file entry20.txt (compact mmCIF, C-alpha atoms)
# COMPACT_ATOMS: atom_id res chain seq x y z
CA MET A 1 0.00 0.00 0.00
CA ASN A 2 1.48 3.35 -1.06
CA LYS A 3 1.51 6.47 1.11
CA THR A 4 -1.50 8.09 -0.59
CA ALA A 5 -3.71 5.01 -0.21
CA LEU A 6 -2.61 4.70 3.43
CA ALA A 7 -3.56 8.35 4.01
CA TYR A 8 -7.11 7.75 2.77
CA VAL A 9 -7.50 4.49 4.72
CA VAL A 10 -6.31 6.11 7.97
CA SER A 11 -8.42 9.26 7.47
CA ILE A 12 -11.63 7.42 6.59
CA ALA A 13 -11.13 4.90 9.40
CA THR A 14 -10.55 7.74 11.87
CA LEU A 15 -13.75 9.43 10.70
CA LEU A 16 -15.79 6.24 11.11
CA VAL A 17 -14.40 5.70 14.62
CA ALA A 18 -15.16 9.35 15.49
CA ILE A 19 -18.78 8.94 14.30
CA TRP A 20 -19.13 5.71 16.30
CA LEU A 21 -17.78 7.36 19.47
CA GLY A 22 -19.92 10.45 18.88
CA VAL A 23 -23.21 8.56 18.63
CA SER A 24 -22.51 6.00 21.37
CA ILE A 25 -20.92 8.03 24.20
CA GLY A 26 -22.87 10.48 26.32
CA THR A 27 -25.03 10.78 29.42
CA VAL A 28 -26.89 7.73 28.09
CA LYS A 29 -24.67 5.10 26.47
CA ILE A 30 -26.08 3.90 23.16
CA PRO A 31 -25.05 0.40 21.93
CA ILE A 32 -23.81 0.44 18.35
CA GLU A 33 -26.37 -2.23 17.37
CA THR A 34 -29.10 0.40 17.86
CA LEU A 35 -28.17 1.57 14.35
CA TRP A 36 -29.89 -1.49 12.88
CA ASN A 37 -31.86 -2.89 15.85
CA GLN A 38 -34.52 -0.46 17.06
CA SER A 39 -36.14 -2.67 19.68
CA ASP A 40 -35.19 -0.18 22.41
CA ALA A 41 -37.40 2.81 21.51
CA THR A 42 -35.71 5.20 23.97
CA ALA A 43 -32.18 4.44 22.74
CA SER A 44 -33.36 4.63 19.13
CA ASN A 45 -34.96 8.06 19.65
CA ILE A 46 -31.81 9.42 21.33
CA LEU A 47 -29.65 8.05 18.52
CA TRP A 48 -31.68 9.21 15.51
CA LYS A 49 -33.24 12.42 16.83
CA ILE A 50 -30.39 13.84 18.96
CA ARG A 51 -27.00 12.15 18.57
CA MET A 52 -26.85 11.34 14.85
CA PRO A 53 -27.89 14.77 13.51
CA ARG A 54 -25.51 16.45 15.98
CA VAL A 55 -22.58 14.24 14.98
CA LEU A 56 -23.27 14.60 11.25
CA LEU A 57 -23.63 18.38 11.56
CA ALA A 58 -20.34 18.59 13.48
CA GLY A 59 -18.73 16.53 10.73
CA ILE A 60 -20.06 18.76 7.95
CA VAL A 61 -19.00 21.95 9.75
CA GLY A 62 -15.53 20.59 10.52
CA ALA A 63 -15.10 19.37 6.94
CA SER A 64 -16.24 22.75 5.55
CA LEU A 65 -13.82 24.76 7.69
CA ALA A 66 -10.91 22.38 7.05
CA ILE A 67 -11.21 22.20 3.26
CA SER A 68 -11.71 25.97 2.97
CA GLY A 69 -8.67 26.50 5.22
CA ALA A 70 -6.62 24.18 2.99
CA ALA A 71 -7.69 26.15 -0.10
CA PHE A 72 -6.94 29.54 1.49
CA GLN A 73 -3.51 28.34 2.61
CA GLY A 74 -2.71 27.03 -0.86
CA LEU A 75 -4.00 30.14 -2.62
CA LEU A 76 -2.14 32.58 -0.36
CA LYS A 77 0.90 30.29 0.09
CA ASN A 78 0.50 30.96 3.79
CA PRO A 79 0.24 28.23 6.48
CA LEU A 80 -1.35 30.71 8.90
CA ALA A 81 -4.33 31.46 6.64
CA ASP A 82 -7.71 30.06 7.59
CA PRO A 83 -11.30 31.38 7.76
CA TYR A 84 -10.81 32.38 11.40
CA THR A 85 -7.46 34.21 11.19
CA LEU A 86 -8.45 35.96 7.95
CA GLY A 87 -11.59 37.40 9.55
CA VAL A 88 -13.87 35.46 7.20
CA SER A 89 -15.60 33.68 10.10
CA SER A 90 -16.24 37.06 11.75
CA GLY A 91 -17.76 38.36 8.52
CA ALA A 92 -19.97 35.28 8.28
CA SER A 93 -21.00 35.79 11.92
CA VAL A 94 -21.98 39.39 11.22
CA GLY A 95 -24.12 38.26 8.29
CA ALA A 96 -25.81 35.58 10.44
CA VAL A 97 -26.34 37.86 13.46
CA ILE A 98 -27.78 40.65 11.29
CA THR A 99 -30.31 38.10 9.99
CA LEU A 100 -31.21 37.08 13.56
CA PHE A 101 -31.14 40.63 14.93
CA PHE A 102 -33.54 42.06 12.35
CA GLY A 103 -35.54 38.85 11.91
CA ILE A 104 -34.87 38.81 8.17
CA SER A 105 -36.57 36.07 6.17
CA LEU A 106 -36.77 36.58 2.41
CA PRO A 107 -39.79 34.90 0.74
CA ILE A 108 -37.73 33.44 -2.08
CA LEU A 109 -35.03 31.99 0.20
CA GLY A 110 -37.14 30.98 3.20
CA ALA A 111 -35.06 28.85 5.59
CA PHE A 112 -31.97 29.49 3.44
CA THR A 113 -31.98 33.22 4.27
CA LEU A 114 -29.60 32.69 7.20
CA PRO A 115 -26.84 30.75 5.38
CA VAL A 116 -27.09 33.03 2.32
CA PHE A 117 -26.61 36.20 4.40
CA SER A 118 -23.80 34.48 6.28
CA MET A 119 -22.06 33.57 3.00
CA ILE A 120 -22.44 37.14 1.73
CA GLY A 121 -20.78 38.40 4.92
CA ALA A 122 -17.94 35.88 4.52
CA ALA A 123 -17.36 36.73 0.83
CA VAL A 124 -17.40 40.49 1.35
CA THR A 125 -14.94 40.20 4.25
CA MET A 126 -12.61 37.94 2.26
CA PHE A 127 -12.43 40.38 -0.66
CA LEU A 128 -11.97 43.36 1.68
CA VAL A 129 -9.09 41.65 3.49
CA ILE A 130 -7.32 40.70 0.26
CA GLY A 131 -7.95 44.13 -1.29
CA PHE A 132 -6.71 46.07 1.73
CA ALA A 133 -3.65 43.82 2.12
CA ARG A 134 -2.76 44.39 -1.55
CA LEU A 135 -3.25 48.15 -1.08
CA VAL A 136 -0.87 48.18 1.91
CA ASP A 137 1.72 45.79 0.46
CA ARG A 138 1.73 44.85 -3.22
CA SER A 139 3.88 41.79 -2.46
CA MET A 140 1.12 40.43 -0.16
CA LYS A 141 3.50 39.21 2.54
CA MET A 142 2.29 36.71 5.10
CA GLU A 143 2.37 39.19 7.98
CA THR A 144 0.37 41.77 6.01
CA ILE A 145 -2.46 39.36 5.21
CA ILE A 146 -2.68 37.98 8.75
CA LEU A 147 -2.59 41.44 10.34
CA THR A 148 -5.24 42.66 7.90
CA GLY A 149 -7.43 39.69 8.82
CA ILE A 150 -6.96 40.47 12.52
CA ILE A 151 -7.86 44.14 11.92
CA PHE A 152 -11.07 43.27 10.08
CA GLY A 153 -11.87 40.52 12.59
CA SER A 154 -11.50 42.97 15.48
CA PHE A 155 -13.68 45.57 13.76
CA LEU A 156 -16.38 43.02 12.99
CA GLY A 157 -16.15 41.77 16.56
CA SER A 158 -16.99 45.33 17.67
CA VAL A 159 -20.00 45.33 15.36
CA LEU A 160 -21.17 42.08 16.92
CA SER A 161 -20.68 43.48 20.43
CA LEU A 162 -22.78 46.51 19.47
CA MET A 163 -25.63 44.31 18.26
CA ILE A 164 -25.45 42.23 21.44
CA ALA A 165 -25.63 45.43 23.51
CA LEU A 166 -28.72 46.56 21.57
CA THR A 167 -30.58 43.27 21.53
CA GLN A 168 -32.95 41.86 24.16
CA GLU A 169 -34.93 38.73 23.36
CA GLU A 170 -32.40 37.44 20.83
CA LEU A 171 -29.44 37.82 23.23
CA ARG A 172 -29.17 34.17 24.24
CA GLN A 173 -29.42 32.98 20.65
CA ILE A 174 -26.80 35.45 19.40
CA VAL A 175 -24.34 34.78 22.24
CA GLY A 176 -24.73 31.03 21.68
CA TRP A 177 -24.02 31.59 17.99
CA LEU A 178 -20.81 33.49 18.72
CA LEU A 179 -19.45 30.84 21.10
CA GLY A 180 -19.85 28.12 18.49
CA SER A 181 -21.95 25.02 19.10
CA VAL A 182 -23.76 22.20 17.31
CA SER A 183 -25.97 21.44 20.32
CA MET A 184 -29.72 20.98 19.81
CA ARG A 185 -29.49 21.19 16.02
CA GLY A 186 -31.83 18.78 14.26
CA TRP A 187 -31.99 17.25 10.80
CA ASN A 188 -33.36 20.53 9.40
CA TYR A 189 -29.96 22.17 9.97
CA ILE A 190 -28.26 19.40 7.98
CA VAL A 191 -30.77 19.89 5.16
CA MET A 192 -29.99 23.61 5.30
CA VAL A 193 -26.19 23.33 5.13
CA LEU A 194 -25.71 20.23 2.95
CA PRO A 195 -26.36 21.86 -0.48
CA PHE A 196 -23.85 24.64 0.26
CA PHE A 197 -21.32 22.11 1.55
CA ILE A 198 -21.57 20.12 -1.68
CA ILE A 199 -21.39 23.21 -3.92
CA GLY A 200 -18.47 24.81 -2.04
CA SER A 201 -16.47 21.57 -1.84
CA PHE A 202 -17.03 20.91 -5.54
CA MET A 203 -15.86 24.43 -6.43
CA LEU A 204 -12.61 23.89 -4.53
CA TRP A 205 -12.17 20.34 -5.86
CA LEU A 206 -12.40 21.67 -9.43
CA ASN A 207 -9.40 23.89 -8.67
CA ARG A 208 -7.15 21.28 -7.06
CA ARG A 209 -4.62 21.30 -9.92
CA GLU A 210 -4.73 25.10 -10.19
CA LEU A 211 -3.90 25.35 -6.47
CA ASN A 212 -0.82 23.22 -7.14
CA ALA A 213 0.19 25.53 -9.98
CA LEU A 214 -0.38 28.66 -7.86
CA LEU A 215 2.13 27.35 -5.31
CA PHE A 216 4.82 28.33 -7.83
CA GLY A 217 3.49 31.89 -8.12
CA GLU A 218 0.82 33.59 -10.19
CA GLU A 219 3.11 34.40 -13.13
CA ARG A 220 4.31 30.84 -13.56
CA ALA A 221 0.76 29.52 -13.12
CA HIS A 222 -0.34 31.88 -15.91
CA HIS A 223 2.39 30.49 -18.18
CA LEU A 224 1.12 26.99 -17.39
CA GLY A 225 -2.27 27.98 -18.81
CA VAL A 226 -4.13 28.85 -15.60
CA ASN A 227 -6.66 31.69 -15.78
CA VAL A 228 -5.34 33.09 -12.52
CA LYS A 229 -7.97 35.78 -11.90
CA GLN A 230 -10.91 33.46 -12.64
CA ARG A 231 -9.52 30.60 -10.56
CA LYS A 232 -8.67 32.84 -7.59
CA LEU A 233 -12.20 34.20 -7.64
CA MET A 234 -13.68 30.70 -7.74
CA ILE A 235 -11.48 29.52 -4.84
CA LEU A 236 -12.34 32.56 -2.73
CA LEU A 237 -16.05 32.15 -3.46
CA GLY A 238 -15.94 28.41 -2.75
CA GLY A 239 -14.19 29.00 0.58
CA SER A 240 -16.67 31.75 1.46
CA VAL A 241 -19.66 29.50 0.65
CA LEU A 242 -18.28 26.79 2.93
CA THR A 243 -17.34 29.16 5.74
CA GLY A 244 -20.57 31.14 5.59
CA SER A 245 -22.81 28.08 5.61
CA ALA A 246 -20.81 26.46 8.44
CA VAL A 247 -20.99 29.60 10.59
CA ALA A 248 -24.70 29.94 9.84
CA VAL A 249 -25.50 26.59 11.48
CA SER A 250 -22.82 26.39 14.18
CA GLY A 251 -21.53 29.87 14.97
CA THR A 252 -17.87 30.88 15.07
CA ILE A 253 -15.60 27.87 15.54
CA GLY A 254 -11.96 28.81 15.23
CA PHE A 255 -8.72 27.11 14.23
CA VAL A 256 -10.15 23.97 12.56
CA GLY A 257 -9.21 25.42 9.17
CA LEU A 258 -5.71 26.18 10.46
CA VAL A 259 -4.79 22.99 12.32
CA VAL A 260 -6.21 20.30 10.04
CA PRO A 261 -4.68 21.35 6.67
CA HIS A 262 -1.32 22.04 8.32
CA MET A 263 -1.21 18.60 9.98
CA THR A 264 -2.43 16.96 6.77
CA ARG A 265 0.42 18.52 4.79
CA MET A 266 2.96 17.53 7.44
CA LEU A 267 1.82 13.90 7.38
CA TRP A 268 0.84 13.27 3.77
CA GLY A 269 2.41 15.94 1.54
CA SER A 270 1.23 19.14 -0.12
CA ASP A 271 -0.45 17.91 -3.33
CA HIS A 272 -3.87 19.59 -3.29
CA ARG A 273 -5.41 16.70 -5.20
CA HIS A 274 -5.12 14.85 -1.89
CA VAL A 275 -4.79 17.67 0.66
CA LEU A 276 -8.35 18.87 -0.04
CA PRO A 277 -10.21 15.55 0.42
CA LEU A 278 -7.96 14.44 3.30
CA SER A 279 -8.52 17.77 5.06
CA LEU A 280 -12.26 17.27 4.57
CA PHE A 281 -12.18 13.84 6.27
CA ASN A 282 -9.81 14.92 9.05
CA GLY A 283 -11.68 18.17 9.72
CA ALA A 284 -14.91 16.21 10.16
CA SER A 285 -13.18 13.78 12.56
CA LEU A 286 -11.59 16.57 14.61
CA LEU A 287 -14.80 18.52 15.18
CA ILE A 288 -16.80 15.39 16.01
CA ILE A 289 -14.22 14.47 18.67
CA CYS A 290 -14.04 18.07 19.97
CA ASP A 291 -17.85 18.17 20.25
CA LEU A 292 -17.79 14.83 22.09
CA VAL A 293 -15.28 16.27 24.58
CA ALA A 294 -17.33 19.49 24.89
CA ARG A 295 -20.50 17.64 25.91
CA THR A 296 -18.92 15.02 28.20
CA ILE A 297 -15.99 16.71 29.98
CA ILE A 298 -18.25 18.48 32.54
CA SER A 299 -21.37 16.35 32.00
CA PRO A 300 -24.30 16.92 32.42
CA ALA A 301 -23.36 20.54 31.53
CA GLU A 302 -21.84 21.31 28.11
CA LEU A 303 -19.05 23.54 26.87
CA PRO A 304 -19.28 25.33 23.50
CA VAL A 305 -17.23 23.34 20.99
CA GLY A 306 -15.48 26.57 19.96
CA VAL A 307 -13.80 26.62 23.38
CA ILE A 308 -12.29 23.16 22.80
CA THR A 309 -11.03 24.00 19.29
CA ALA A 310 -9.46 27.22 20.62
CA PHE A 311 -7.58 25.27 23.31
CA ILE A 312 -6.16 23.04 20.56
CA GLY A 313 -5.72 25.68 17.86
CA ALA A 314 -4.08 28.55 19.74
CA PRO A 315 -0.89 26.61 20.67
CA VAL A 316 -0.67 25.17 17.14
CA PHE A 317 -1.07 28.69 15.70
CA ALA A 318 1.76 29.91 17.95
CA TYR A 319 3.97 26.98 16.92
CA ILE A 320 3.41 27.53 13.18
CA PHE A 321 4.01 31.27 13.55
CA TYR A 322 7.25 30.61 15.49
CA LYS A 323 8.47 28.20 12.79
CA GLN A 324 7.69 30.68 10.04
CA ARG A 325 9.50 33.51 11.81
CA ARG A 326 12.52 31.30 12.47
CA LYS A 327 12.59 30.25 8.82
CA GLY A 328 12.36 33.90 7.75
CA ALA A 329 15.18 34.89 10.10
CA MET A 330 17.41 32.14 8.76
call {"tool": "encode", "arguments": {"input": "entry20.txt", "output": "structure tokens"}}
result
Amino acid sequence: MNKTALAYVVSIATLLVAIWLGVSIGTVKIPIETLWNQSDATASNILWKIRMPRVLLAGIVGASLAISGAAFQGLLKNPLADPYTLGVSSGASVGAVITLFFGISLPILGAFTLPVFSMIGAAVTMFLVIGFARLVDRSMKMETIILTGIIFGSFLGSVLSLMIALTQEELRQIVGWLLGSVSMRGWNYIVMVLPFFIIGSFMLWLNRRELNALLFGEERAHHLGVNVKQRKLMILLGGSVLTGSAVAVSGTIGFVGLVVPHMTRMLWGSDHRHVLPLSLFNGASLLIICDLVARTIISPAELPVGVITAFIGAPVFAYIFYKQRRKGAM
């Protein structure tokens, strides 16, 4: 078995184990045979109405953030880029919270109003960050992009704080959104996010070879026949669709898009034909496990899953940043 095949076997096996642990462990232990034997009505209801949709939603959100992080890192040639550090998650949160704050529901979109507004917020923020970074530094250095993302993220965080200060009845819902959680989300949330997950992932998958070419620089990619402007736009839009829809159903969950692609490249190489799907599988596994820890570590109370990912992601972010600075100094 070659290294690539091993990578897929390990990643898929890890995801299956994560799903099994996610649906079986909790305040009430659910035997795995409940999946096909529904003689115990109570266990079956807990499995299919509470645990399974929660685990699947966590998997979709983790996969969305991880594959978009992998694409952003490849596009910007920057291991510190992800939806959270670039401010894209904050932009998506603003779009979602505006929808909740004003009670917006467009007749044409219906239940999809929330993810659509969240995606618009993510896309607008992404283009503003890239545009401002290019305005400040034409060479688009790593530090410039990250600092620009932090600036926009801080500003959007202030906008969110203002809306929280002005709100009343919606306060609990908005605060819960900002902390990041997949608790008490039913099958309707999966139905809401799944089309955007498929579309966004497909958009990035179509550009897997172009991401490899862009690693050598835009000029060389152009000479290789890549329509650089069109492909960059498609990658940014695909990442924004994934980030916006994920934030719309789970709130702001940081560092998944940073940690997973970086570890995937370290273990299995940097070919985006494999980095993208492997990041998708591993991102799903990571968030399912993090959500399991969040709901069991202080059971019967729960922690927001965003707290767990921050505990993991912040040290990894610091380590990657330290390595990059050391490499630059050398």
call {"tool": "residues_around", "arguments": {"input": "entry20.txt", "residues": "Lys29 of chain A", "least_positions_apart": "3", "cutoff": "12 Å", "atoms": "all atoms listed in the file", "output": "compact mmCIF listing (two decimals) with C-alpha atoms, in the coordinates of the input"}}
result
# COMPACT_ATOMS: atom_id res chain seq x y z
CA TRP A 20 -19.13 5.71 16.30
CA LEU A 21 -17.78 7.36 19.47
CA GLY A 22 -19.92 10.45 18.88
CA VAL A 23 -23.21 8.56 18.63
CA SER A 24 -22.51 6.00 21.37
CA ILE A 25 -20.92 8.03 24.20
CA GLY A 26 -22.87 10.48 26.32
CA ILE A 32 -23.81 0.44 18.35
CA GLU A 33 -26.37 -2.23 17.37
CA THR A 34 -29.10 0.40 17.86
CA THR A 42 -35.71 5.20 23.97
CA ALA A 43 -32.18 4.44 22.74
CA SER A 44 -33.36 4.63 19.13
CA ILE A 46 -31.81 9.42 21.33
CA LEU A 47 -29.65 8.05 18.52
CA ARG A 51 -27.00 12.15 18.57
CA THR A 296 -18.92 15.02 28.20
call {"tool": "residues_around", "arguments": {"input": "entry20.txt", "residues": "segment 222-226 of chain A", "least_positions_apart": "4", "cutoff": "12 Å", "atoms": "all atoms listed in the file", "output": "ChimeraX atom specification"}}
result
/A:207-218,230-232
call {"tool": "closest_residue", "arguments": {"input": "entry20.txt", "among": "A:His262, A:Lys3, A:His274, A:Lys49", "to": "Phe317 of chain A", "atoms": "only C-alpha atoms"}}
result
A:His262
call {"tool": "atom_distance", "arguments": {"input": "entry20.txt", "atom1": "atom CA of Val94 of chain A", "atom2": "atom CA of Phe281 of chain A"}}
result
27.8 Å
call {"tool": "atom_distance", "arguments": {"input": "entry20.txt", "atom1": "atom CA of Thr144 of chain A", "atom2": "atom CA of Asn227 of chain A"}}
result
25.0 Å
call {"tool": "atom_distance", "arguments": {"input": "entry20.txt", "atom1": "atom CA of Met263 of chain A", "atom2": "atom CA of Pro83 of chain A"}}
result
16.4 Å
call {"tool": "closest_residue", "arguments": {"input": "entry20.txt", "among": "A:Ile308, A:Val175, A:Val256, A:Ala284", "to": "Ala81 of chain A", "atoms": "all atoms listed in the file"}}
result
A:Val256
call {"tool": "axis_aligned_box", "arguments": {"input": "entry20.txt", "around": "segment 147-163 of chain A", "padding_each_side": "5 Å", "output": "AutoDock Vina command-line options"}}
result
--center_x -14.1 --center_y 43.1 --center_z 14.2 --size_x 33.0 --size_y 16.8 --size_z 22.5
call {"tool": "closest_atom_pairs", "arguments": {"input": "entry20.txt", "of": "segment 53-134 of chain A", "to": "segment 180-197 of chain A", "cutoff": "10 Å", "atoms": "all atoms listed in the file", "output": "JSON lines"}}
result
{"residue": "A:Pro53", "atom": "CA", "partner": "A:Trp187", "partner_atom": "CA", "distance": 5.5}
{"residue": "A:Arg54", "atom": "CA", "partner": "A:Val182", "partner_atom": "CA", "distance": 6.2}
{"residue": "A:Val55", "atom": "CA", "partner": "A:Val182", "partner_atom": "CA", "distance": 8.4}
{"residue": "A:Leu56", "atom": "CA", "partner": "A:Ile190", "partner_atom": "CA", "distance": 7.7}
{"residue": "A:Leu57", "atom": "CA", "partner": "A:Ile190", "partner_atom": "CA", "distance": 5.9}
{"residue": "A:Ala58", "atom": "CA", "partner": "A:Val182", "partner_atom": "CA", "distance": 6.3}
{"residue": "A:Ile60", "atom": "CA", "partner": "A:Phe197", "partner_atom": "CA", "distance": 7.3}
{"residue": "A:Val61", "atom": "CA", "partner": "A:Phe197", "partner_atom": "CA", "distance": 8.5}
{"residue": "A:Ala63", "atom": "CA", "partner": "A:Phe197", "partner_atom": "CA", "distance": 8.7}
{"residue": "A:Ser64", "atom": "CA", "partner": "A:Phe197", "partner_atom": "CA", "distance": 6.5}
{"residue": "A:Ala111", "atom": "CA", "partner": "A:Met192", "partner_atom": "CA", "distance": 7.3}
{"residue": "A:Phe112", "atom": "CA", "partner": "A:Met192", "partner_atom": "CA", "distance": 6.5}
{"residue": "A:Thr113", "atom": "CA", "partner": "A:Met192", "partner_atom": "CA", "distance": 9.9}
{"residue": "A:Leu114", "atom": "CA", "partner": "A:Met192", "partner_atom": "CA", "distance": 9.3}
{"residue": "A:Pro115", "atom": "CA", "partner": "A:Val193", "partner_atom": "CA", "distance": 7.5}
{"residue": "A:Val116", "atom": "CA", "partner": "A:Phe196", "partner_atom": "CA", "distance": 9.2}
{"residue": "A:Met119", "atom": "CA", "partner": "A:Phe196", "partner_atom": "CA", "distance": 9.5}
call {"tool": "closest_residue", "arguments": {"input": "entry20.txt", "among": "A:Ala294, A:Ala221, A:Leu206, A:Val9", "to": "Ala310 of chain A", "atoms": "only C-alpha atoms"}}
result
A:Ala294
call {"tool": "residues_around", "arguments": {"input": "entry20.txt", "residues": "Asn282 of chain A", "least_positions_apart": "4", "cutoff": "9 Å", "atoms": "all atoms listed in the file", "output": "PDB file with C-alpha atoms, in the coordinates of the input"}}
result
ATOM      1  CA  SER A  11      -8.420   9.260   7.470  1.00  0.00           C
ATOM      2  CA  ILE A  12     -11.630   7.420   6.590  1.00  0.00           C
ATOM      3  CA  THR A  14     -10.550   7.740  11.870  1.00  0.00           C
ATOM      4  CA  LEU A  15     -13.750   9.430  10.700  1.00  0.00           C
ATOM      5  CA  GLY A  62     -15.530  20.590  10.520  1.00  0.00           C
ATOM      6  CA  ALA A  63     -15.100  19.370   6.940  1.00  0.00           C
ATOM      7  CA  ALA A  66     -10.910  22.380   7.050  1.00  0.00           C
ATOM      8  CA  VAL A 260      -6.210  20.300  10.040  1.00  0.00           C
ATOM      9  CA  PRO A 261      -4.680  21.350   6.670  1.00  0.00           C
ATOM     10  CA  THR A 264      -2.430  16.960   6.770  1.00  0.00           C
ATOM     11  CA  PRO A 277     -10.210  15.550   0.420  1.00  0.00           C
ATOM     12  CA  LEU A 278      -7.960  14.440   3.300  1.00  0.00           C
ATOM     13  CA  LEU A 286     -11.590  16.570  14.610  1.00  0.00           C
ATOM     14  CA  LEU A 287     -14.800  18.520  15.180  1.00  0.00           C
TER      15      LEU A 287
END
call {"tool": "residues_near_point", "arguments": {"input": "entry20.txt", "point": "(-21.0, 21.0, 26.8)", "cutoff": "9 Å", "atoms": "all atoms listed in the file", "output": "PDB file with C-alpha atoms, keeping the file's coordinate frame"}}
result
ATOM      1  CA  SER A 181     -21.950  25.020  19.100  1.00  0.00           C
ATOM      2  CA  SER A 183     -25.970  21.440  20.320  1.00  0.00           C
ATOM      3  CA  ASP A 291     -17.850  18.170  20.250  1.00  0.00           C
ATOM      4  CA  LEU A 292     -17.790  14.830  22.090  1.00  0.00           C
ATOM      5  CA  VAL A 293     -15.280  16.270  24.580  1.00  0.00           C
ATOM      6  CA  ALA A 294     -17.330  19.490  24.890  1.00  0.00           C
ATOM      7  CA  ARG A 295     -20.500  17.640  25.910  1.00  0.00           C
ATOM      8  CA  THR A 296     -18.920  15.020  28.200  1.00  0.00           C
ATOM      9  CA  ILE A 297     -15.990  16.710  29.980  1.00  0.00           C
ATOM     10  CA  ILE A 298     -18.250  18.480  32.540  1.00  0.00           C
ATOM     11  CA  SER A 299     -21.370  16.350  32.000  1.00  0.00           C
ATOM     12  CA  PRO A 300     -24.300  16.920  32.420  1.00  0.00           C
ATOM     13  CA  ALA A 301     -23.360  20.540  31.530  1.00  0.00           C
ATOM     14  CA  GLU A 302     -21.840  21.310  28.110  1.00  0.00           C
ATOM     15  CA  LEU A 303     -19.050  23.540  26.870  1.00  0.00           C
ATOM     16  CA  PRO A 304     -19.280  25.330  23.500  1.00  0.00           C
ATOM     17  CA  VAL A 305     -17.230  23.340  20.990  1.00  0.00           C
TER      18      VAL A 305
END
call {"tool": "residues_around", "arguments": {"input": "entry20.txt", "residues": "Ile174 of chain A", "least_positions_apart": "6", "cutoff": "10 Å", "atoms": "only C-alpha atoms", "output": "list in words"}}
result
Ser93, Ala96, Val97, Ile98, Leu100, Phe101, Leu160, Met163, Ile164, Thr167 and Gly251 of chain A
call {"tool": "write_last_selection", "arguments": {"input": "entry20.txt", "atoms": "C-alpha atoms", "output": "compact mmCIF listing (two decimals), in the frame of the given file"}}
result
# COMPACT_ATOMS: atom_id res chain seq x y z
CA SER A 93 -21.00 35.79 11.92
CA ALA A 96 -25.81 35.58 10.44
CA VAL A 97 -26.34 37.86 13.46
CA ILE A 98 -27.78 40.65 11.29
CA LEU A 100 -31.21 37.08 13.56
CA PHE A 101 -31.14 40.63 14.93
CA LEU A 160 -21.17 42.08 16.92
CA MET A 163 -25.63 44.31 18.26
CA ILE A 164 -25.45 42.23 21.44
CA THR A 167 -30.58 43.27 21.53
CA GLY A 251 -21.53 29.87 14.97
call {"tool": "closest_residue", "arguments": {"input": "entry20.txt", "among": "A:Phe72, A:Trp205, A:Tyr8, A:Tyr84", "to": "Gly313 of chain A", "atoms": "all atoms listed in the file"}}
result
A:Tyr84
call {"tool": "closest_residue", "arguments": {"input": "entry20.txt", "among": "A:Leu204, A:Ile199, A:Leu80, A:Ile108", "to": "Ala314 of chain A", "atoms": "only C-alpha atoms"}}
result
A:Leu80
